[in-house]
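Worksheet: one structure, shown below.
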Amino acid sequence: GGFRKDQDHPLEGDLVVVDETSMVDVLLMHALLKAVPDRAGVLLVGDVDQLPSVGPGQVLADLIASEVVPVVRLTAVFRQAAQSRIVIMAHRINQGQLPDLRRPDGQSDFYFVDAEDPEAAVARLLELVGHRIPRRFGFHAIRDIQVLCPMNRGSLGARSLNLALQAALNPPGERRIEKFGWIFAPGDKVMQVENDYDNEVYNGDSGFVDDVDPDAGAVSVSFDGRRVVYGLGDLDSLVLAYATTIHKSQGSEYPAVVIPVTTQHYPMLQRNLLYTGITRAKRLVVLVGQKKAVAIAVHNVSGRRRWSKLREWLAGSASSRSTGGPTLQVIAGHRAPLSP
C-alpha cells in the first residue's frame with residue numbers, strides 16, 4: 001500500500017483545499033503535507049467542535065490553538081434560517097447548555113420525543129420514521145430521513161435498527177441476496193464502507209439498490225445516478241444504511257435526522273457527538289430517548305481530551321520557521337452561530 005503522491009512525486013497545483021479537516025489524523029496530515037509542493041498553499045476547512053479523527057491526534061484543534069497559522073472563523077449559517085431551532089439548540093449544546101426539550105408551540109424543526117426505555121424508544125423511532133414524520137412534514141421515509149446512532153451495538157445501535165427499519169420500510173421479497181447477515185433487496189438504502197478506487201465509490205458513500213440477481217449473486221446499486229454492480233464477493237464492503245453511526249455521518253447532510261439518545265449509549269454520550277449528529281440535519285431534527293441521556297452528553301467533554309505535543313511543537317518552532325515550503329491557512333467553520 002501507500003500513497004501515490006509524496007515528496008518525490010508531489011501533487012500538482014498552486015492551492016490544496018482540505019474540507020472536513022477535523023476528520024484528518026496525524027498520519028494522514030503528515031502524508032498529505034509531504035506531497036504538497038513548496039510553491040503551493042494549503043487551505044484547511046473544518047469545524048473543530050465536531051468529532052475528532054478516528055485515528056490519532058487532533059490536528060485541526062492543535063493547529064488553531066498553536067496560533068502559528070492564520071485562522072478565519074466563519075459564523076454565518078446558510079444551511080438553515082438564523083431563527084431555526086436546529087441552529088439555536090446546536091449552539092446551546094456546543095456551549096455546554098441543555099437544549100430546550102419542551103414541546104414547541106406550532107411547527108418547529110427540532111423535537112424531542114420521550115422514551116423511558118430502549119424498547120419504547122425503538123417502537124417510537126419506527127413510528128416516527130415510517131409514519132409520523134412523512135405524514136406531517138412530507139419527507140420520504142427512506143430517501144429523506146436518516147437515523148443517526150451514537151454506536152453500532154445494542155437494540156438502539158445502527159445494526160439492530162437497520163434490520164428493524166428494513167423490515168418496516170422495505171421488507172425483502174423473494175428477489176433478494178443474503179450475505180454476512182445482511183439481506184439486500186431492491187429499494188434498500190445502502191452504504192459503501194471501504195474505498196473502491198476502481199469503481200470510484202468511497203467509504204461513507206450512500207446509494208440505493210436498483211436490482212438484485214440471485215442467480216448471478218449480483219447487486220446493482222445507484223450512487224447519485226451512477227450504477228455500480230457488486231458481485232457476491234464484493235458485498236462485504238456494503239451495509240444497510242437506514243441507520244448509521246454519527247461518526248460515519250460526519251461530512252454528510254440529510255433533510256431530516258432522527259437520533260436515539262438513551263443511557264444505553266452511555267459509553268458514547270459526549271457533547272461533540274451530539275453536536276455533530278444534530279448539525280447533519282438541514283430541515284428537521286428529532287431526538288428520541290431520555291432527557292437524562294441528553295444531559296449526560298451535553299456535560300461530557302472527555303472526548304475532546306487528546307494528548308498530543310503537536311500544538312507545543314508548532315508554537316515552539318514558529319520563531320525558527322524558514323520562509324520556504326507550502327503556506328498554510330485554516331478556516332474554522334461552525335454549524336451554529338457564535339451568538340444565538
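So you can find residues: chains in the C-alpha cells are A, B, ... in the order shown, residues in each start at 1, and ligands are numbered from 1 in order.
Residues within 9 Å of A:Ile183, counting only C-alpha atoms and excluding same-chain residues fewer than 6 positions away, are Leu163, Pro172, Arg176, Ile177 and Leu240 of chain A.
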Would you mind exporting the chosen residues as a compact mmCIF listing (two decimals), in the first residue's frame, restricted to N, CA and C atoms?
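Wrote it out as selection35.txt, contents follow:
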```txt
# COMPACT_ATOMS: atom_id res chain seq x y z
N LEU A 163 -31.90 -3.45 10.65
CA LEU A 163 -32.76 -4.61 10.39
C LEU A 163 -34.22 -4.28 10.66
N PRO A 172 -37.95 -7.29 2.50
CA PRO A 172 -37.45 -8.02 1.33
C PRO A 172 -38.46 -9.05 0.83
N ARG A 176 -33.91 -11.36 -3.58
CA ARG A 176 -33.01 -10.86 -2.54
C ARG A 176 -31.71 -11.65 -2.55
N ILE A 177 -30.71 -11.07 -1.91
CA ILE A 177 -29.42 -11.75 -1.70
C ILE A 177 -29.02 -11.53 -0.26
N LEU A 240 -26.41 -2.06 5.02
CA LEU A 240 -27.64 -1.28 5.03
C LEU A 240 -27.37 0.08 5.68
```
Shell around A:Gly233 at 12 Å using only C-alpha atoms, local window under 4 positions removed, as an MDAnalysis selection string: chainID A and resid 177:180 216:219 229 237:238
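Those residues that approach A:Gly289 to within 7 Å, counting only C-alpha atoms, are Val113, Asp114, Ala115, Glu116, Ala121, Pro260, Val261, Thr262, Leu287 and Lys291 of chain A; same-chain residues fewer than 2 positions away are not listed.
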Export of the given selection (N, CA, C and O atoms) as a compact mmCIF listing (two decimals), in the first residue's frame:
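Done, and the output landed in selection13.txt:
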```txt
# COMPACT_ATOMS: atom_id res chain seq x y z
N VAL A 113 -38.68 13.48 21.59
CA VAL A 113 -39.74 12.50 21.88
C VAL A 113 -39.25 11.62 23.03
O VAL A 113 -38.24 10.93 22.90
N ASP A 114 -39.97 11.65 24.13
CA ASP A 114 -39.54 10.94 25.33
C ASP A 114 -39.80 9.43 25.20
O ASP A 114 -40.84 9.00 24.69
N ALA A 115 -38.84 8.64 25.64
CA ALA A 115 -38.97 7.18 25.69
C ALA A 115 -38.14 6.70 26.86
O ALA A 115 -36.92 6.87 26.88
N GLU A 116 -38.77 6.12 27.86
CA GLU A 116 -38.10 5.81 29.11
C GLU A 116 -37.20 4.58 29.05
O GLU A 116 -36.35 4.40 29.90
N ALA A 121 -38.22 3.23 22.95
CA ALA A 121 -37.53 4.10 22.00
C ALA A 121 -37.52 3.49 20.60
O ALA A 121 -37.72 4.20 19.61
N PRO A 260 -31.51 8.49 18.25
CA PRO A 260 -31.83 7.90 19.55
C PRO A 260 -30.76 8.29 20.57
O PRO A 260 -29.56 8.17 20.29
N VAL A 261 -31.19 8.77 21.72
CA VAL A 261 -30.26 9.18 22.78
C VAL A 261 -30.77 8.61 24.10
O VAL A 261 -31.71 9.15 24.71
N THR A 262 -30.18 7.52 24.55
CA THR A 262 -30.60 6.88 25.80
C THR A 262 -29.35 6.51 26.60
O THR A 262 -28.23 6.52 26.08
N LEU A 287 -34.93 14.09 18.37
CA LEU A 287 -34.23 13.25 19.36
C LEU A 287 -35.26 12.33 20.00
O LEU A 287 -36.34 12.77 20.38
N LYS A 291 -34.23 12.43 28.64
CA LYS A 291 -33.63 13.73 28.93
C LYS A 291 -32.33 13.57 29.72
O LYS A 291 -31.39 14.34 29.53
```
Compare A:Leu273, A:Ala281, A:Val301, A:Leu148 by their minimum atom-to-atom distance to A:Ala243, counting only C-alpha atoms, and give me the closest one. A:Leu148
Just list the residues in stretch 211-300 of chain A DSSP gives helix (DSSP H, G or I) on the backbone, as a VMD selection string. chain A and resid 232 to 237 246 to 249 263 to 268 271 to 278 291 to 299
Where does stretch 181-277 of chain A meet stretch 9-24 of chain A within 10 Å, residue by residue, with the nearest atom pair and distance in Å to one decimal for each, counting only C-alpha atoms, listed by chain and rising number, as CSV?
```
residue,atom,partner,partner_atom,distance
A:His247,CA,A:Met23,CA,9.6
A:Gln250,CA,A:Met23,CA,8.2
A:Gly251,CA,A:Glu20,CA,6.3
A:Ser252,CA,A:Glu20,CA,10.0
```
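The protein and nucleic acid residues lying at most 12 Å from A:Ala295 are Arg92, Ile93, Gly96, Gln97, Leu98, Pro99, Asp100, Leu101, Val261, Thr262, Thr263, Tyr266, Leu269, Gln270, Arg271, Leu274, Gly289, Gln290, Lys291, His299, Asn300 and Val301 of chain A, with only C-alpha atoms considered and sequence neighbours fewer than 4 positions away removed.
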Skip A:Arg280 itself and residues of its chain fewer than 4 positions away, then list as a PyMOL selection string all residues within 12 Å of it, counting only C-alpha atoms. chain A and resi 50+79-80+86-87+90+145-148+245-259+273-276+284-286+335-336
Saved selection, atoms kept: N, CA, C and O atoms, as a CSV table (one decimal), in the first residue's frame:
```csv
chain,number,residue,atom,x,y,z
A,50,GLN,N,-16.7,19.5,16.1
A,50,GLN,CA,-17.2,18.2,15.7
A,50,GLN,C,-16.3,17.1,16.2
A,50,GLN,O,-15.3,17.4,16.9
A,79,ARG,N,-27.2,26.8,6.1
A,79,ARG,CA,-27.9,25.5,6.0
A,79,ARG,C,-29.4,25.7,6.4
A,79,ARG,O,-30.3,25.1,5.9
A,80,GLN,N,-29.6,26.5,7.5
A,80,GLN,CA,-30.9,26.8,8.0
A,80,GLN,C,-31.0,28.3,8.2
A,80,GLN,O,-30.1,29.1,8.2
A,86,ILE,N,-32.9,24.3,15.1
A,86,ILE,CA,-31.7,23.4,14.9
A,86,ILE,C,-30.4,24.2,15.3
A,86,ILE,O,-29.6,23.8,16.0
A,87,VAL,N,-30.3,25.4,14.7
A,87,VAL,CA,-29.2,26.3,14.9
A,87,VAL,C,-29.1,26.7,16.4
A,87,VAL,O,-28.0,26.6,17.0
A,90,ALA,N,-28.2,23.6,18.6
A,90,ALA,CA,-26.8,23.2,18.3
A,90,ALA,C,-25.8,24.2,19.0
A,90,ALA,O,-24.8,23.8,19.6
A,145,ILE,N,-35.1,10.7,5.3
A,145,ILE,CA,-34.9,10.6,6.7
A,145,ILE,C,-33.7,9.7,7.0
A,145,ILE,O,-33.7,8.5,6.5
A,146,GLN,N,-32.8,10.2,7.8
A,146,GLN,CA,-31.6,9.3,8.2
A,146,GLN,C,-31.6,9.2,9.7
A,146,GLN,O,-31.7,10.2,10.5
A,147,VAL,N,-31.5,7.9,10.2
A,147,VAL,CA,-31.4,7.7,11.6
A,147,VAL,C,-29.9,7.6,11.9
A,147,VAL,O,-29.1,6.9,11.3
A,148,LEU,N,-29.5,8.4,12.9
A,148,LEU,CA,-28.1,8.5,13.3
A,148,LEU,C,-27.9,8.0,14.7
A,148,LEU,O,-28.6,8.5,15.6
A,245,THR,N,-24.0,5.3,12.1
A,245,THR,CA,-23.4,5.9,13.3
A,245,THR,C,-23.2,7.4,13.0
A,245,THR,O,-23.0,7.8,11.9
A,246,ILE,N,-23.2,8.2,14.1
A,246,ILE,CA,-22.9,9.6,13.9
A,246,ILE,C,-21.5,9.8,13.4
A,246,ILE,O,-21.2,10.7,12.5
A,247,HIS,N,-20.6,9.0,13.8
A,247,HIS,CA,-19.2,9.0,13.3
A,247,HIS,C,-19.2,8.9,11.8
A,247,HIS,O,-18.5,9.6,11.1
A,248,LYS,N,-19.9,7.9,11.3
A,248,LYS,CA,-19.9,7.6,9.9
A,248,LYS,C,-20.6,8.7,9.1
A,248,LYS,O,-20.3,8.9,7.9
A,249,SER,N,-21.5,9.5,9.7
A,249,SER,CA,-22.2,10.5,9.0
A,249,SER,C,-21.5,11.8,8.9
A,249,SER,O,-21.9,12.7,8.2
A,250,GLN,N,-20.4,11.9,9.6
A,250,GLN,CA,-19.7,13.2,9.6
A,250,GLN,C,-19.2,13.6,8.2
A,250,GLN,O,-18.7,12.8,7.5
A,251,GLY,N,-19.5,14.8,7.8
A,251,GLY,CA,-19.2,15.2,6.5
A,251,GLY,C,-20.4,15.2,5.6
A,251,GLY,O,-20.4,15.7,4.5
A,252,SER,N,-21.5,14.5,6.0
A,252,SER,CA,-22.7,14.4,5.2
A,252,SER,C,-23.8,15.3,5.8
A,252,SER,O,-23.7,15.8,6.9
A,253,GLU,N,-24.9,15.5,5.0
A,253,GLU,CA,-26.0,16.2,5.5
A,253,GLU,C,-27.3,15.5,4.9
A,253,GLU,O,-27.3,14.9,3.9
A,254,TYR,N,-28.4,15.7,5.6
A,254,TYR,CA,-29.6,15.0,5.3
A,254,TYR,C,-30.8,16.0,5.5
A,254,TYR,O,-30.8,16.8,6.4
A,255,PRO,N,-31.9,15.8,4.8
A,255,PRO,CA,-33.1,16.6,5.0
A,255,PRO,C,-33.6,16.5,6.4
A,255,PRO,O,-33.9,17.5,7.1
A,256,ALA,N,-33.7,15.3,6.9
A,256,ALA,CA,-34.3,15.0,8.3
A,256,ALA,C,-33.4,14.0,9.0
A,256,ALA,O,-33.0,13.0,8.4
A,257,VAL,N,-33.2,14.2,10.3
A,257,VAL,CA,-32.3,13.3,11.1
A,257,VAL,C,-33.1,12.9,12.3
A,257,VAL,O,-33.7,13.8,13.0
A,258,VAL,N,-33.1,11.6,12.6
A,258,VAL,CA,-33.6,11.1,13.9
A,258,VAL,C,-32.5,10.5,14.7
A,258,VAL,O,-31.8,9.6,14.2
A,259,ILE,N,-32.3,10.9,15.9
A,259,ILE,CA,-31.2,10.4,16.7
A,259,ILE,C,-31.7,9.8,18.0
A,259,ILE,O,-32.3,10.5,18.9
A,273,LEU,N,-20.3,14.6,20.0
A,273,LEU,CA,-21.0,13.6,19.3
A,273,LEU,C,-22.5,14.0,19.0
A,273,LEU,O,-23.0,14.0,17.9
A,274,LEU,N,-23.1,14.6,20.1
A,274,LEU,CA,-24.5,15.1,19.9
A,274,LEU,C,-24.5,16.3,19.0
A,274,LEU,O,-25.4,16.4,18.1
A,275,TYR,N,-23.6,17.2,19.2
A,275,TYR,CA,-23.5,18.4,18.3
A,275,TYR,C,-23.3,18.0,16.8
A,275,TYR,O,-24.0,18.5,15.9
A,276,THR,N,-22.4,17.0,16.6
A,276,THR,CA,-22.2,16.6,15.2
A,276,THR,C,-23.4,16.0,14.6
A,276,THR,O,-23.8,16.2,13.5
A,284,LEU,N,-34.9,19.2,9.7
A,284,LEU,CA,-35.6,18.6,10.8
A,284,LEU,C,-34.7,17.7,11.6
A,284,LEU,O,-33.9,16.9,11.1
A,285,VAL,N,-34.8,17.9,13.0
A,285,VAL,CA,-34.1,17.0,13.9
A,285,VAL,C,-35.1,16.5,14.9
A,285,VAL,O,-35.9,17.3,15.5
A,286,VAL,N,-35.1,15.2,15.2
A,286,VAL,CA,-35.9,14.6,16.2
A,286,VAL,C,-35.0,13.7,17.1
A,286,VAL,O,-34.4,12.8,16.6
A,335,ARG,N,-21.2,25.1,12.6
A,335,ARG,CA,-22.5,24.8,12.1
A,335,ARG,C,-23.5,25.7,12.8
A,335,ARG,O,-24.6,25.9,12.3
A,336,ALA,N,-23.2,26.1,14.0
A,336,ALA,CA,-24.1,27.0,14.7
A,336,ALA,C,-23.4,28.3,14.9
A,336,ALA,O,-22.2,28.4,14.9
```
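You can rank A:Pro37, A:Ile296, A:Gly187, A:Leu63 by their closest distance to A:Trp313 using only C-alpha atoms, and at the top of that list sits A:Leu63.
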Shell around stretch 125-135 of chain A at 7 Å using only C-alpha atoms, local window under 6 positions removed, as an mmCIF file with all heavy atoms, in the first residue's frame:
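Now in out-v9.cif:
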```cif
data_model
loop_
_atom_site.group_PDB
_atom_site.id
_atom_site.type_symbol
_atom_site.label_atom_id
_atom_site.label_comp_id
_atom_site.auth_asym_id
_atom_site.auth_seq_id
_atom_site.Cartn_x
_atom_site.Cartn_y
_atom_site.Cartn_z
ATOM 1 N N ALA A 141 -39.761 8.445 3.630
ATOM 2 C CA ALA A 141 -39.259 7.706 4.792
ATOM 3 C C ALA A 141 -37.871 7.124 4.564
ATOM 4 O O ALA A 141 -37.060 7.049 5.503
ATOM 5 C CB ALA A 141 -40.237 6.586 5.150
ATOM 6 N N ILE A 145 -35.107 10.685 5.280
ATOM 7 C CA ILE A 145 -34.919 10.587 6.733
ATOM 8 C C ILE A 145 -33.738 9.664 7.030
ATOM 9 O O ILE A 145 -33.682 8.530 6.545
ATOM 10 C CB ILE A 145 -36.183 10.039 7.422
ATOM 11 C CG1 ILE A 145 -37.392 10.922 7.097
ATOM 12 C CG2 ILE A 145 -35.978 9.975 8.934
ATOM 13 C CD1 ILE A 145 -38.716 10.352 7.589
ATOM 14 N N LEU A 165 -35.654 -1.249 10.632
ATOM 15 C CA LEU A 165 -36.143 -0.270 9.665
ATOM 16 C C LEU A 165 -36.354 -0.903 8.290
ATOM 17 O O LEU A 165 -37.311 -0.573 7.586
ATOM 18 C CB LEU A 165 -35.163 0.904 9.572
ATOM 19 C CG LEU A 165 -35.171 1.856 10.769
ATOM 20 C CD1 LEU A 165 -33.903 2.710 10.794
ATOM 21 C CD2 LEU A 165 -36.412 2.753 10.739
ATOM 22 N N LEU A 169 -39.844 -0.601 6.498
ATOM 23 C CA LEU A 169 -39.945 0.313 5.361
ATOM 24 C C LEU A 169 -39.819 -0.374 4.003
ATOM 25 O O LEU A 169 -40.376 0.103 3.012
ATOM 26 C CB LEU A 169 -38.861 1.397 5.465
ATOM 27 C CG LEU A 169 -38.850 2.236 6.743
ATOM 28 C CD1 LEU A 169 -37.683 3.210 6.711
ATOM 29 C CD2 LEU A 169 -40.174 2.982 6.905
ATOM 30 N N VAL A 288 -34.903 11.053 20.150
ATOM 31 C CA VAL A 288 -35.794 10.072 20.757
ATOM 32 C C VAL A 288 -35.057 9.424 21.922
ATOM 33 O O VAL A 288 -33.981 8.853 21.730
ATOM 34 C CB VAL A 288 -36.220 8.983 19.749
ATOM 35 C CG1 VAL A 288 -37.179 7.996 20.404
ATOM 36 C CG2 VAL A 288 -36.849 9.603 18.515
#
```
Which of A:Asp188, A:Asp236, A:Asp224, A:Asp105 sits closest to A:Asp205 [using only C-alpha atoms]: A:Asp224
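Checking A:Tyr242, A:Ala293, A:Thr75, A:Leu232 one by one against A:Val212, counting only C-alpha atoms, you find the shortest gap at A:Leu232.
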Write out as a PDB file with N, CA and C atoms, in the first residue's frame each polymer residue whose atoms come within 8 Å of A:Gln7, counting only C-alpha atoms; drop sequence neighbours fewer than 5 positions from it.
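The result, stored in part11.pdb:
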```pdb
ATOM      1  N   LYS A  34       3.573  16.160   3.068  1.00  0.00           N
ATOM      2  CA  LYS A  34       4.774  15.728   2.345  1.00  0.00           C
ATOM      3  C   LYS A  34       4.557  15.808   0.838  1.00  0.00           C
ATOM      4  N   ALA A  35       3.331  15.639   0.396  1.00  0.00           N
ATOM      5  CA  ALA A  35       3.044  15.622  -1.039  1.00  0.00           C
ATOM      6  C   ALA A  35       2.710  16.996  -1.605  1.00  0.00           C
ATOM      7  N   VAL A  36       2.626  18.018  -0.745  1.00  0.00           N
ATOM      8  CA  VAL A  36       2.315  19.370  -1.220  1.00  0.00           C
ATOM      9  C   VAL A  36       3.599  20.039  -1.712  1.00  0.00           C
ATOM     10  N   PRO A  37       3.623  20.533  -2.940  1.00  0.00           N
ATOM     11  CA  PRO A  37       4.835  21.191  -3.434  1.00  0.00           C
ATOM     12  C   PRO A  37       5.130  22.482  -2.671  1.00  0.00           C
TER      13      PRO A  37
END
```
